[in-house]
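Structure below is structure-v9.txt: compact mmCIF, C-alpha atoms.
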```
# COMPACT_ATOMS: atom_id res chain seq x y z
CA ARG A 1 3.25 13.10 4.86
CA PRO A 2 0.48 10.59 5.47
CA GLY A 3 1.50 7.16 6.66
CA ALA A 4 -0.22 5.37 3.78
CA ALA A 5 1.68 7.38 1.21
CA MET A 6 4.98 6.75 2.94
CA ALA A 7 4.26 3.03 3.10
CA MET A 8 3.61 3.02 -0.65
CA ALA A 9 6.86 4.90 -1.23
CA TRP A 10 8.79 2.38 0.87
CA ARG A 11 7.35 -0.50 -1.10
CA ALA A 12 8.04 1.20 -4.41
CA ALA A 13 11.65 2.01 -3.58
CA PRO A 14 12.64 -0.02 -0.51
CA ARG A 15 16.39 0.11 -1.02
CA ALA A 16 16.42 3.87 -1.54
CA ALA A 17 14.28 4.31 1.56
CA ALA A 18 16.60 2.10 3.58
CA ARG A 19 19.62 4.05 2.38
CA LEU A 20 18.00 7.34 3.40
CA ARG A 21 17.13 6.08 6.85
CA LEU A 22 20.59 4.70 7.52
CA ARG A 23 22.27 8.09 7.26
CA LEU A 24 23.22 8.42 10.86
CA GLY A 25 24.31 12.02 10.56
CA ARG A 26 20.92 13.41 9.66
CA ARG A 27 19.06 15.71 12.03
CA GLY A 28 16.59 14.12 14.41
CA ILE A 29 18.75 11.17 15.52
CA ALA A 30 18.73 11.10 19.30
CA SER A 31 22.14 11.57 20.86
CA CYS A 32 21.69 8.43 22.96
CA LEU A 33 21.80 6.46 19.71
CA ASP A 34 24.96 8.15 18.44
CA PRO A 35 27.54 5.40 17.80
CA SER A 36 30.34 7.98 17.66
CA ALA A 37 29.92 9.04 21.30
CA GLY A 38 33.18 8.74 23.20
CA LEU A 39 35.33 8.07 20.14
CA THR A 40 38.50 9.89 19.17
CA GLU A 41 38.53 12.19 16.16
CA ASP A 42 40.38 9.56 14.11
CA GLN A 43 37.83 6.91 15.06
CA LYS A 44 34.96 9.21 14.14
CA GLU A 45 36.58 9.81 10.76
CA PHE A 46 36.95 6.19 9.71
CA GLN A 47 33.54 5.43 11.21
CA LYS A 48 32.11 8.08 8.89
CA VAL A 49 33.95 6.54 5.94
CA ALA A 50 32.48 3.13 6.79
CA LEU A 51 28.97 4.54 7.29
CA ASP A 52 29.12 6.38 3.98
CA PHE A 53 30.33 3.24 2.23
CA ALA A 54 27.52 1.23 3.83
CA ALA A 55 24.90 3.77 2.75
CA LYS A 56 26.14 4.19 -0.82
CA GLU A 57 27.68 0.86 -1.77
CA MET A 58 25.86 -1.73 0.34
CA ALA A 59 22.38 -0.69 1.52
CA PRO A 60 21.04 -0.06 -2.02
CA TYR A 61 21.92 -3.64 -3.01
CA MET A 62 21.39 -5.51 0.25
CA ALA A 63 18.00 -6.94 -0.73
CA GLU A 64 19.18 -7.96 -4.20
CA TRP A 65 22.27 -9.73 -2.84
CA ASP A 66 20.00 -11.63 -0.45
CA GLU A 67 17.34 -12.55 -3.00
CA LYS A 68 19.74 -13.57 -5.78
CA GLU A 69 22.42 -14.98 -3.44
CA ILE A 70 25.11 -12.74 -4.90
CA PHE A 71 28.61 -12.77 -3.38
CA PRO A 72 29.47 -9.07 -3.91
CA VAL A 73 33.16 -9.46 -4.71
CA GLU A 74 33.65 -6.11 -6.42
CA THR A 75 31.92 -4.22 -3.61
CA MET A 76 34.20 -5.86 -1.06
CA ARG A 77 37.23 -4.95 -3.16
CA LYS A 78 36.07 -1.34 -3.06
CA ALA A 79 35.90 -1.68 0.73
CA ALA A 80 39.44 -3.07 0.70
CA GLN A 81 40.61 0.10 -1.09
CA LEU A 82 39.49 1.93 2.06
CA GLY A 83 41.61 -0.38 4.21
CA PHE A 84 38.85 -2.77 5.27
CA GLY A 85 40.44 -5.97 3.91
CA GLY A 86 43.03 -6.25 6.68
CA ILE A 87 41.88 -3.84 9.35
CA TYR A 88 43.94 -5.18 12.26
CA VAL A 89 46.77 -6.56 10.12
CA LYS A 90 50.24 -4.99 10.20
CA PRO A 91 50.86 -2.25 7.61
CA ASP A 92 54.09 -3.73 6.22
CA ILE A 93 52.12 -6.35 4.27
CA GLY A 94 49.14 -4.18 3.31
CA GLY A 95 47.08 -4.06 6.50
CA SER A 96 45.62 -0.98 8.16
CA GLY A 97 47.25 -1.65 11.55
CA LEU A 98 44.19 -0.51 13.50
CA SER A 99 43.12 -1.61 16.97
CA ARG A 100 40.43 -4.12 17.93
CA LEU A 101 38.21 -1.24 19.03
CA ASP A 102 38.73 0.50 15.69
CA THR A 103 37.82 -2.76 13.97
CA SER A 104 34.61 -3.11 15.99
CA ILE A 105 33.60 0.44 15.10
CA ILE A 106 34.15 -0.23 11.40
CA PHE A 107 32.26 -3.53 11.31
CA GLU A 108 29.33 -2.03 13.21
CA ALA A 109 29.16 0.82 10.69
CA LEU A 110 29.42 -1.44 7.63
CA SER A 111 26.69 -3.73 8.96
CA THR A 112 24.15 -0.94 8.79
CA GLY A 113 24.41 -1.44 5.02
CA CYS A 114 24.49 -5.27 4.91
CA ALA A 115 25.14 -7.46 7.93
CA SER A 116 25.66 -10.62 5.87
CA THR A 117 28.39 -9.16 3.65
CA THR A 118 30.10 -7.48 6.60
CA ALA A 119 30.06 -10.73 8.56
CA TYR A 120 31.94 -12.46 5.75
CA MET A 121 34.43 -9.57 5.68
CA SER A 122 34.94 -10.05 9.43
CA ILE A 123 35.80 -13.73 8.88
CA HIS A 124 38.17 -12.80 6.05
CA ASN A 125 39.88 -10.26 8.32
CA MET A 126 40.27 -12.90 11.03
CA CYS A 127 41.97 -15.27 8.59
CA VAL A 128 44.40 -12.61 7.37
CA TRP A 129 45.23 -11.70 10.99
CA MET A 130 45.98 -15.35 11.78
CA ILE A 131 48.44 -15.60 8.88
CA ASP A 132 49.97 -12.22 9.79
CA THR A 133 50.33 -13.14 13.47
CA PHE A 134 51.37 -16.80 13.35
CA GLY A 135 52.95 -17.07 9.92
CA ASN A 136 56.64 -16.65 9.19
CA GLU A 137 57.90 -13.80 7.03
CA GLU A 138 57.69 -15.82 3.82
CA GLN A 139 54.08 -16.82 4.56
CA ARG A 140 53.07 -13.29 5.55
CA ARG A 141 54.45 -11.83 2.33
CA ARG A 142 53.11 -14.63 0.15
CA PHE A 143 49.52 -14.55 1.38
CA CYS A 144 48.67 -11.29 3.14
CA PRO A 145 49.06 -8.53 0.51
CA SER A 146 46.56 -10.09 -1.93
CA LEU A 147 44.19 -10.84 0.96
CA CYS A 148 44.37 -7.30 2.38
CA SER A 149 43.52 -5.91 -1.07
CA MET A 150 40.81 -8.57 -1.41
CA GLU A 151 42.26 -9.56 -4.75
CA LYS A 152 41.92 -12.93 -3.03
CA PHE A 153 39.46 -14.01 -0.33
CA ALA A 154 39.90 -16.30 2.67
CA SER A 155 37.80 -18.85 4.55
CA TYR A 156 38.18 -20.24 8.07
CA CYS A 157 37.88 -24.03 8.35
CA LEU A 158 37.36 -25.39 11.85
CA THR A 159 33.85 -26.87 12.10
CA GLU A 160 33.25 -30.43 10.89
CA PRO A 161 30.06 -32.46 10.42
CA GLY A 162 30.77 -34.28 13.70
CA SER A 163 32.55 -31.52 15.67
CA GLY A 164 30.85 -28.20 16.11
CA SER A 165 30.95 -26.90 19.67
CA ASP A 166 33.40 -29.69 20.55
CA ALA A 167 36.00 -28.36 18.13
CA ALA A 168 38.88 -30.18 19.83
CA SER A 169 37.42 -33.50 18.66
CA LEU A 170 37.90 -32.68 14.96
CA LEU A 171 38.87 -35.63 12.75
CA THR A 172 40.33 -34.13 9.57
CA SER A 173 43.77 -35.73 9.45
CA ALA A 174 47.06 -34.46 8.05
CA GLN A 175 49.73 -37.14 7.81
CA ARG A 176 53.30 -35.99 7.36
CA LYS A 177 55.06 -37.48 4.34
CA GLY A 178 58.46 -35.91 3.86
CA ASP A 179 58.03 -32.21 3.18
CA THR A 180 54.26 -32.48 2.67
CA TYR A 181 51.08 -33.27 4.58
CA VAL A 182 48.33 -35.45 3.11
CA LEU A 183 44.90 -34.24 4.24
CA ASN A 184 41.74 -36.32 4.46
CA GLY A 185 38.40 -35.30 5.93
CA SER A 186 35.87 -32.50 5.54
CA LYS A 187 34.76 -29.20 7.03
CA ALA A 188 31.15 -28.02 7.30
CA PHE A 189 29.36 -24.65 7.13
CA ILE A 190 32.37 -22.85 5.63
CA SER A 191 31.62 -19.22 4.76
CA GLY A 192 32.85 -18.43 1.26
CA GLY A 193 33.62 -22.10 0.63
CA GLY A 194 34.16 -22.77 -3.06
CA ASP A 195 34.25 -19.08 -4.01
CA THR A 196 37.26 -18.09 -1.94
CA ASP A 197 40.95 -18.59 -2.68
CA VAL A 198 42.66 -19.31 0.66
CA TYR A 199 41.56 -21.78 3.36
CA VAL A 200 42.92 -21.65 6.91
CA VAL A 201 42.38 -25.27 7.99
CA MET A 202 42.59 -26.86 11.43
CA CYS A 203 43.57 -30.51 11.14
CA ARG A 204 44.88 -33.35 13.26
CA THR A 205 48.61 -34.05 12.95
CA GLY A 206 48.95 -35.74 16.35
CA GLY A 207 46.94 -37.59 18.98
CA PRO A 208 43.44 -36.89 20.34
CA GLY A 209 42.49 -33.58 21.89
CA PRO A 210 43.57 -29.99 21.28
CA LYS A 211 47.33 -30.65 21.44
CA GLY A 212 47.15 -32.86 18.35
CA ILE A 213 45.79 -30.08 16.11
CA SER A 214 47.83 -28.02 13.64
CA CYS A 215 46.96 -25.20 11.22
CA LEU A 216 47.58 -25.36 7.46
CA VAL A 217 46.92 -22.77 4.77
CA LEU A 218 45.49 -24.25 1.57
CA GLU A 219 44.95 -22.61 -1.79
CA LYS A 220 42.07 -23.24 -4.17
CA GLY A 221 43.11 -25.53 -6.99
CA MET A 222 45.26 -27.85 -4.90
CA PRO A 223 44.69 -31.46 -6.03
CA GLY A 224 42.36 -33.24 -3.63
CA LEU A 225 40.57 -30.07 -2.48
CA SER A 226 36.88 -29.94 -3.45
CA PHE A 227 33.59 -28.48 -2.25
CA GLY A 228 30.07 -29.61 -1.46
CA LYS A 229 26.83 -28.13 -2.71
CA LYS A 230 25.95 -24.54 -1.95
CA GLU A 231 23.79 -24.55 1.17
CA LYS A 232 20.35 -22.90 1.23
CA LYS A 233 20.17 -20.70 4.32
CA VAL A 234 17.67 -18.58 6.24
CA GLY A 235 20.00 -15.59 6.04
CA TRP A 236 23.61 -14.75 5.20
CA ASN A 237 22.66 -15.21 1.56
CA SER A 238 25.22 -12.73 0.20
CA GLN A 239 27.96 -15.21 1.12
CA PRO A 240 28.08 -18.81 -0.12
CA THR A 241 28.35 -21.65 2.39
CA ARG A 242 29.68 -25.07 1.41
CA ALA A 243 31.44 -28.10 2.81
CA VAL A 244 35.18 -28.17 2.14
CA ILE A 245 36.43 -31.68 1.33
CA PHE A 246 39.96 -33.09 1.44
CA GLU A 247 40.74 -36.35 -0.40
CA ASP A 248 44.47 -37.12 -0.28
CA CYS A 249 45.07 -33.40 -0.59
CA VAL A 250 48.82 -32.73 -0.63
CA VAL A 251 49.94 -29.56 1.18
CA PRO A 252 53.55 -28.39 1.58
CA VAL A 253 54.89 -28.32 5.13
CA GLY A 254 55.81 -24.72 4.34
CA ASN A 255 52.07 -23.91 4.46
CA ARG A 256 51.80 -24.75 8.16
CA LEU A 257 51.22 -21.80 10.49
CA GLY A 258 53.23 -22.10 13.69
CA ALA A 259 54.45 -25.39 15.10
CA GLU A 260 52.76 -28.76 15.00
CA GLY A 261 50.23 -28.94 17.81
CA GLN A 262 49.73 -25.17 17.93
CA GLY A 263 46.65 -25.17 15.72
CA PHE A 264 43.98 -25.23 18.41
CA SER A 265 45.58 -22.29 20.22
CA ILE A 266 45.76 -20.38 16.93
CA ALA A 267 42.10 -21.16 16.24
CA MET A 268 40.95 -20.00 19.68
CA GLN A 269 42.99 -16.79 19.56
CA GLY A 270 41.47 -16.05 16.19
CA LEU A 271 38.00 -16.68 17.57
CA ASN A 272 38.44 -14.21 20.44
CA GLY A 273 38.64 -11.46 17.85
CA GLY A 274 36.05 -13.18 15.68
CA ARG A 275 33.54 -13.01 18.55
CA ILE A 276 34.06 -9.27 18.88
CA ASN A 277 33.73 -8.89 15.11
CA ILE A 278 30.48 -10.84 14.82
CA ALA A 279 29.02 -9.05 17.86
CA SER A 280 29.87 -5.76 16.13
CA CYS A 281 28.01 -6.89 13.01
CA SER A 282 24.99 -7.55 15.23
CA LEU A 283 25.26 -4.02 16.64
CA GLY A 284 25.08 -2.49 13.19
CA ALA A 285 22.01 -4.49 12.21
CA ALA A 286 20.28 -3.60 15.48
CA HIS A 287 21.16 0.08 15.13
CA ALA A 288 19.73 0.19 11.62
CA SER A 289 16.58 -1.60 12.81
CA VAL A 290 16.04 0.90 15.63
CA LEU A 291 16.30 3.79 13.17
CA LEU A 292 13.90 2.12 10.74
CA THR A 293 11.44 1.51 13.58
CA GLN A 294 11.77 5.07 14.85
CA GLU A 295 10.89 6.32 11.36
CA HIS A 296 8.03 3.85 10.95
CA LEU A 297 6.38 4.87 14.22
CA THR A 298 6.37 8.52 13.18
CA VAL A 299 4.77 8.00 9.74
CA ARG A 300 2.44 5.03 10.25
CA LYS A 301 -1.03 5.90 11.56
CA GLN A 302 -3.54 3.66 13.30
CA PHE A 303 -6.72 4.65 15.14
CA GLY A 304 -6.36 8.17 13.78
CA GLU A 305 -2.89 9.00 15.11
CA PRO A 306 0.77 8.09 14.57
CA LEU A 307 2.01 4.91 16.20
CA ALA A 308 4.60 7.10 17.91
CA ASN A 309 1.82 8.37 20.21
CA ASN A 310 1.21 4.88 21.59
CA GLN A 311 2.88 4.63 24.99
CA TYR A 312 3.40 0.88 24.77
CA LEU A 313 5.34 1.28 21.52
CA GLN A 314 7.25 4.22 22.98
CA PHE A 315 8.36 2.01 25.86
CA ARG A 316 9.40 -0.81 23.53
CA LEU A 317 11.44 1.60 21.41
CA ALA A 318 13.10 2.94 24.56
CA GLU A 319 13.96 -0.62 25.62
CA MET A 320 15.44 -1.39 22.19
CA ALA A 321 17.67 1.69 22.31
CA THR A 322 18.76 0.92 25.87
CA ARG A 323 19.66 -2.68 25.05
CA LEU A 324 21.56 -1.53 21.97
CA LEU A 325 23.66 0.92 23.96
CA ALA A 326 24.39 -1.66 26.67
CA ALA A 327 25.51 -4.17 24.06
CA ARG A 328 27.70 -1.62 22.29
CA LEU A 329 29.44 -0.65 25.53
CA MET A 330 30.09 -4.29 26.39
CA VAL A 331 31.53 -5.05 22.95
CA ARG A 332 33.81 -2.03 23.00
CA ASN A 333 35.00 -2.86 26.50
CA ALA A 334 35.92 -6.39 25.38
CA ALA A 335 37.66 -5.03 22.28
CA ARG A 336 39.86 -2.82 24.44
CA ALA A 337 40.68 -5.74 26.73
CA LEU A 338 41.68 -7.90 23.75
CA GLN A 339 43.83 -5.14 22.29
CA ASP A 340 45.57 -4.64 25.63
CA GLY A 341 46.21 -8.36 26.06
CA ARG A 342 44.42 -8.48 29.41
CA GLU A 343 44.15 -11.77 31.24
CA ASP A 344 40.36 -11.56 31.25
CA ALA A 345 40.11 -10.73 27.53
CA ALA A 346 38.89 -14.16 26.39
CA VAL A 347 36.02 -14.30 28.89
CA LEU A 348 35.07 -10.67 28.19
CA CYS A 349 34.93 -11.48 24.46
CA SER A 350 32.66 -14.43 25.25
CA MET A 351 30.42 -12.28 27.46
CA ALA A 352 30.20 -9.57 24.80
CA LYS A 353 29.42 -12.05 22.05
CA LEU A 354 26.75 -13.74 24.18
CA PHE A 355 25.08 -10.52 25.28
CA ALA A 356 25.31 -8.54 22.05
CA THR A 357 24.15 -11.27 19.68
CA ASP A 358 21.23 -12.24 21.93
CA GLU A 359 20.15 -8.67 22.56
CA CYS A 360 20.61 -7.46 18.99
CA PHE A 361 18.60 -10.33 17.57
CA GLY A 362 15.86 -9.44 20.06
CA ILE A 363 16.01 -5.82 18.91
CA CYS A 364 15.71 -6.77 15.23
CA ASN A 365 12.89 -9.19 15.97
CA GLN A 366 11.05 -6.52 17.96
CA ALA A 367 11.59 -4.04 15.12
CA LEU A 368 9.89 -6.47 12.76
CA GLN A 369 6.98 -6.84 15.17
CA MET A 370 6.57 -3.07 15.45
CA HIS A 371 6.40 -2.81 11.67
CA GLY A 372 3.36 -5.11 11.78
CA GLY A 373 2.55 -6.93 8.57
CA TYR A 374 4.91 -4.69 6.62
CA GLY A 375 7.83 -6.02 8.65
CA TYR A 376 7.20 -9.50 7.27
CA LEU A 377 7.53 -8.31 3.68
CA LYS A 378 10.90 -8.56 1.96
CA ASP A 379 10.40 -4.99 0.74
CA TYR A 380 11.30 -3.90 4.26
CA ALA A 381 14.87 -4.18 5.52
CA VAL A 382 14.02 -5.14 9.11
CA GLN A 383 13.21 -8.74 8.19
CA GLN A 384 16.57 -9.18 6.47
CA PHE A 385 18.52 -7.75 9.39
CA MET A 386 16.64 -10.17 11.64
CA ARG A 387 17.34 -13.17 9.39
CA ASP A 388 20.98 -12.28 8.82
CA ILE A 389 21.97 -11.94 12.47
CA ARG A 390 20.08 -14.96 13.81
CA VAL A 391 23.07 -17.15 13.00
CA HIS A 392 25.37 -14.91 15.06
CA GLN A 393 24.03 -16.68 18.15
CA ILE A 394 25.36 -19.96 16.71
CA LEU A 395 28.67 -19.33 14.98
CA GLU A 396 32.07 -18.30 16.41
CA GLY A 397 31.08 -20.53 19.33
CA THR A 398 27.41 -20.97 20.19
CA ASN A 399 25.99 -18.78 22.91
CA GLU A 400 25.58 -21.91 25.03
CA VAL A 401 29.35 -22.40 24.80
CA MET A 402 29.84 -18.72 25.67
CA ARG A 403 27.89 -19.37 28.88
CA MET A 404 30.14 -22.35 29.64
CA ILE A 405 33.27 -20.22 29.19
CA VAL A 406 31.95 -17.49 31.48
CA ALA A 407 30.78 -19.97 34.14
CA ARG A 408 34.10 -21.80 34.07
CA ASN A 409 35.92 -18.53 34.61
CA LEU A 410 33.69 -17.62 37.54
CA LEU A 411 34.02 -21.01 39.24
CA GLN A 412 37.64 -21.90 38.58
CA GLY A 413 38.81 -20.68 41.95
```

Since I need it in another form, could you write the structure as structure tokens?
Amino acid sequence: RPGAAMAMAWRAAPRAAARLRLRLGRRGIASCLDPSAGLTEDQKEFQKVALDFAAKEMAPYMAEWDEKEIFPVETMRKAAQLGFGGIYVKPDIGGSGLSRLDTSIIFEALSTGCASTTAYMSIHNMCVWMIDTFGNEEQRRRFCPSLCSMEKFASYCLTEPGSGSDAASLLTSAQRKGDTYVLNGSKAFISGGGDTDVYVVMCRTGGPGPKGISCLVLEKGMPGLSFGKKEKKVGWNSQPTRAVIFEDCVVPVGNRLGAEGQGFSIAMQGLNGGRINIASCSLGAAHASVLLTQEHLTVRKQFGEPLANNQYLQFRLAEMATRLLAARLMVRNAARALQDGREDAAVLCSMAKLFATDECFGICNQALQMHGGYGYLKDYAVQQFMRDIRVHQILEGTNEVMRMIVARNLLQG
């Protein structure tokens, strides 16, 4: 088929074209790109389920969700029916009970269909895991089943207008009054804020620093809980982002996870997994972008021959695939370390998040460049993958903070 005709077809039906090109099982995909290499049969099976869901239920609507800023609640509930609402949550309260590696595999696969939506699902999963892990039995059974089914959705509230990377300096206060806490303050850049039902909130119940922080679970509708305007963002448009505001918000003491002063530890343990999750979302976007670029080079002609015959572009494609594989191996290694409870797990999660989000953004950006002018059109998926994963270098701890964590580990003795 001539390149011009294919380009017209892509523009006429971009979502269908994207869906076709994201079928990883089709013939012609190089084995070095195979994300199922080295996996067990069970892992390959739920990876296939996630890839099929991404191709059928997400990729056809990815552009529309972005353009119209749609929070695809019903699609995510369909994903929850497959077990993706509480992937690494215990089965007795509705979770799938899978490992951190299994979780990474699933989020990578889902992100080939829509990185923005999958990234929100990863945050939701982190919140459910925190309640499952640090909550008492009453809390687990009250909150987790409806979150695992995604009947209800969760948001993670740590960042504040004045405390981003320096999370331990947060100011939102929770003063104990009998069997309640009274919250005052605000959180910034909260994914799902205003549209979600459950808010896992880090707040100050004691003195300065990390030991004065506790964790409370709030529910939408509590008096004194409100939300700011919906933020306009470069990417991640399929999930709303708002400030979460507390004005004399009364929360029962029974909604506290763990002991007073344990909140910062809970937050950081959640973020170790969150860093693996968001790195995995970057992998999926990069993988999809490599496949789209591979296809584009074979059908697009310039100077009388396919772009695939250009050695410079061949080398760039080879570099993209190599960087993708290196990032995937690093993420999966960190996921295993976290699952095994290894002493070096936290620093390996930081290294994986740093490397994978940097490299995968570079891959998506290069994919856009190799599409030429077409890559800058919203008819083509590569630009959305690039926009959606740019923020992965900022959230769950900026990549500058990841470097600090790694350096501190190397120099501590």

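Residues surrounding A:Gly263 within 8 Å are Met202, Cys203, Pro210, Lys211, Ile213, Ser214, Cys215, Leu257, Gly258, Ala259, Glu260, Ile266 and Ala267 of chain A [all atoms listed in the file; sequence separation below 3 positions excluded].
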
What are the closest atom pairs, with distances in Å to one decimal, for all residues of stretch 154-205 of chain A lying within 8 Å of stretch 224-243 of chain A? Consider only C-alpha atoms, order rows by chain and residue number, and present the result as CSV.
```
residue,atom,partner,partner_atom,distance
A:Ser186,CA,A:Ala243,CA,6.8
A:Lys187,CA,A:Ala243,CA,5.5
A:Ala188,CA,A:Ala243,CA,4.5
A:Phe189,CA,A:Thr241,CA,5.7
A:Ile190,CA,A:Thr241,CA,5.3
A:Ser191,CA,A:Thr241,CA,4.7
A:Gly192,CA,A:Pro240,CA,5.0
A:Gly193,CA,A:Arg242,CA,5.0
A:Gly194,CA,A:Phe227,CA,5.8
A:Asp195,CA,A:Pro240,CA,7.3
```

Keeping only C-alpha atoms, write those residues as a compact mmCIF listing (two decimals), in the coordinates of the input.
```txt
# COMPACT_ATOMS: atom_id res chain seq x y z
CA SER A 186 35.87 -32.50 5.54
CA LYS A 187 34.76 -29.20 7.03
CA ALA A 188 31.15 -28.02 7.30
CA PHE A 189 29.36 -24.65 7.13
CA ILE A 190 32.37 -22.85 5.63
CA SER A 191 31.62 -19.22 4.76
CA GLY A 192 32.85 -18.43 1.26
CA GLY A 193 33.62 -22.10 0.63
CA GLY A 194 34.16 -22.77 -3.06
CA ASP A 195 34.25 -19.08 -4.01
```

The distance between atom CA of A:Gly273 and atom CA of A:Glu57 is 25.6 Å

### Neighbour list for A:Leu297 as a ChimeraX atom specification, cut-off 7 Å, all atoms listed in the file, skip fewer than 4 positions in-chain
/A:293,306-308

### Test item: residues at most 7 Å from stretch 380-396 of chain A, all atoms listed in the file, excluding those fewer than 4 positions along its chain, as a PyMOL selection string
chain A and resi 14+18+115-116+234-236+271+274-275+278+282+285+289+357-358+361+364-365+367-368+374-376

Which of these residues is nearest to A:Val331, using all atoms listed in the file: A:Ala50, A:Leu292, A:Ala279, A:Leu183?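 Of all the options, A:Ala279 lies closest to A:Val331.
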
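In terms of minimum interatomic distance to A:Val200, A:Glu219 ranks closest within A:Glu64, A:Glu137, A:Glu219, A:Asp132, counting all atoms listed in the file.
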
For A:Cys144, work out the shell of residues within 9 Å, counting all atoms listed in the file and skipping chain neighbours fewer than 6 positions away, then give it as number ranges by chain.
A: 86, 89, 93-95, 128-129, 131-132

Within 12 Å of (26.4, -20.9, 24.0) (coordinates as in the file), grab all the protein and nucleic acid residues, counting only C-alpha atoms, and write them out as a ChimeraX atom specification. /A:164-166,275,350-355,357-358,392-407

Those residues with C-alpha atoms, as an mmCIF file, keeping the file's coordinate frame please?
```cif
data_model
loop_
_atom_site.group_PDB
_atom_site.id
_atom_site.type_symbol
_atom_site.label_atom_id
_atom_site.label_comp_id
_atom_site.auth_asym_id
_atom_site.auth_seq_id
_atom_site.Cartn_x
_atom_site.Cartn_y
_atom_site.Cartn_z
ATOM 1 C CA GLY A 164 30.850 -28.200 16.110
ATOM 2 C CA SER A 165 30.950 -26.900 19.670
ATOM 3 C CA ASP A 166 33.400 -29.690 20.550
ATOM 4 C CA ARG A 275 33.540 -13.010 18.550
ATOM 5 C CA SER A 350 32.660 -14.430 25.250
ATOM 6 C CA MET A 351 30.420 -12.280 27.460
ATOM 7 C CA ALA A 352 30.200 -9.570 24.800
ATOM 8 C CA LYS A 353 29.420 -12.050 22.050
ATOM 9 C CA LEU A 354 26.750 -13.740 24.180
ATOM 10 C CA PHE A 355 25.080 -10.520 25.280
ATOM 11 C CA THR A 357 24.150 -11.270 19.680
ATOM 12 C CA ASP A 358 21.230 -12.240 21.930
ATOM 13 C CA HIS A 392 25.370 -14.910 15.060
ATOM 14 C CA GLN A 393 24.030 -16.680 18.150
ATOM 15 C CA ILE A 394 25.360 -19.960 16.710
ATOM 16 C CA LEU A 395 28.670 -19.330 14.980
ATOM 17 C CA GLU A 396 32.070 -18.300 16.410
ATOM 18 C CA GLY A 397 31.080 -20.530 19.330
ATOM 19 C CA THR A 398 27.410 -20.970 20.190
ATOM 20 C CA ASN A 399 25.990 -18.780 22.910
ATOM 21 C CA GLU A 400 25.580 -21.910 25.030
ATOM 22 C CA VAL A 401 29.350 -22.400 24.800
ATOM 23 C CA MET A 402 29.840 -18.720 25.670
ATOM 24 C CA ARG A 403 27.890 -19.370 28.880
ATOM 25 C CA MET A 404 30.140 -22.350 29.640
ATOM 26 C CA ILE A 405 33.270 -20.220 29.190
ATOM 27 C CA VAL A 406 31.950 -17.490 31.480
ATOM 28 C CA ALA A 407 30.780 -19.970 34.140
#
```

Computed gap from atom CA of A:Ala168 to atom CA of A:Gly209 is 5.4 Å

Original post:
By how many Å are atom CA of A:Tyr312 and atom CA of A:Val299 apart?
Top reply: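 The value is 16.7 Å.
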
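The shortest atom-to-atom distance to A:Asp52, with only C-alpha atoms taken into account, belongs to A:Leu110 out of A:Lys78, A:Leu110, A:Leu101, A:Pro145.
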
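Within the 8 Å cut-off around A:Tyr88, using all atoms listed in the file and omitting residues fewer than 5 positions from it on the same chain, the listed residues are Gly95, Ser96, Gly97, Leu98, Ser99, Arg100, Thr103, Asn125 and Trp129 of chain A.
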
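Counting all atoms listed in the file and comparing A:Leu377, A:Val73, A:Ile105, A:Leu348, the residue that lies closest to A:Lys152 is A:Val73.
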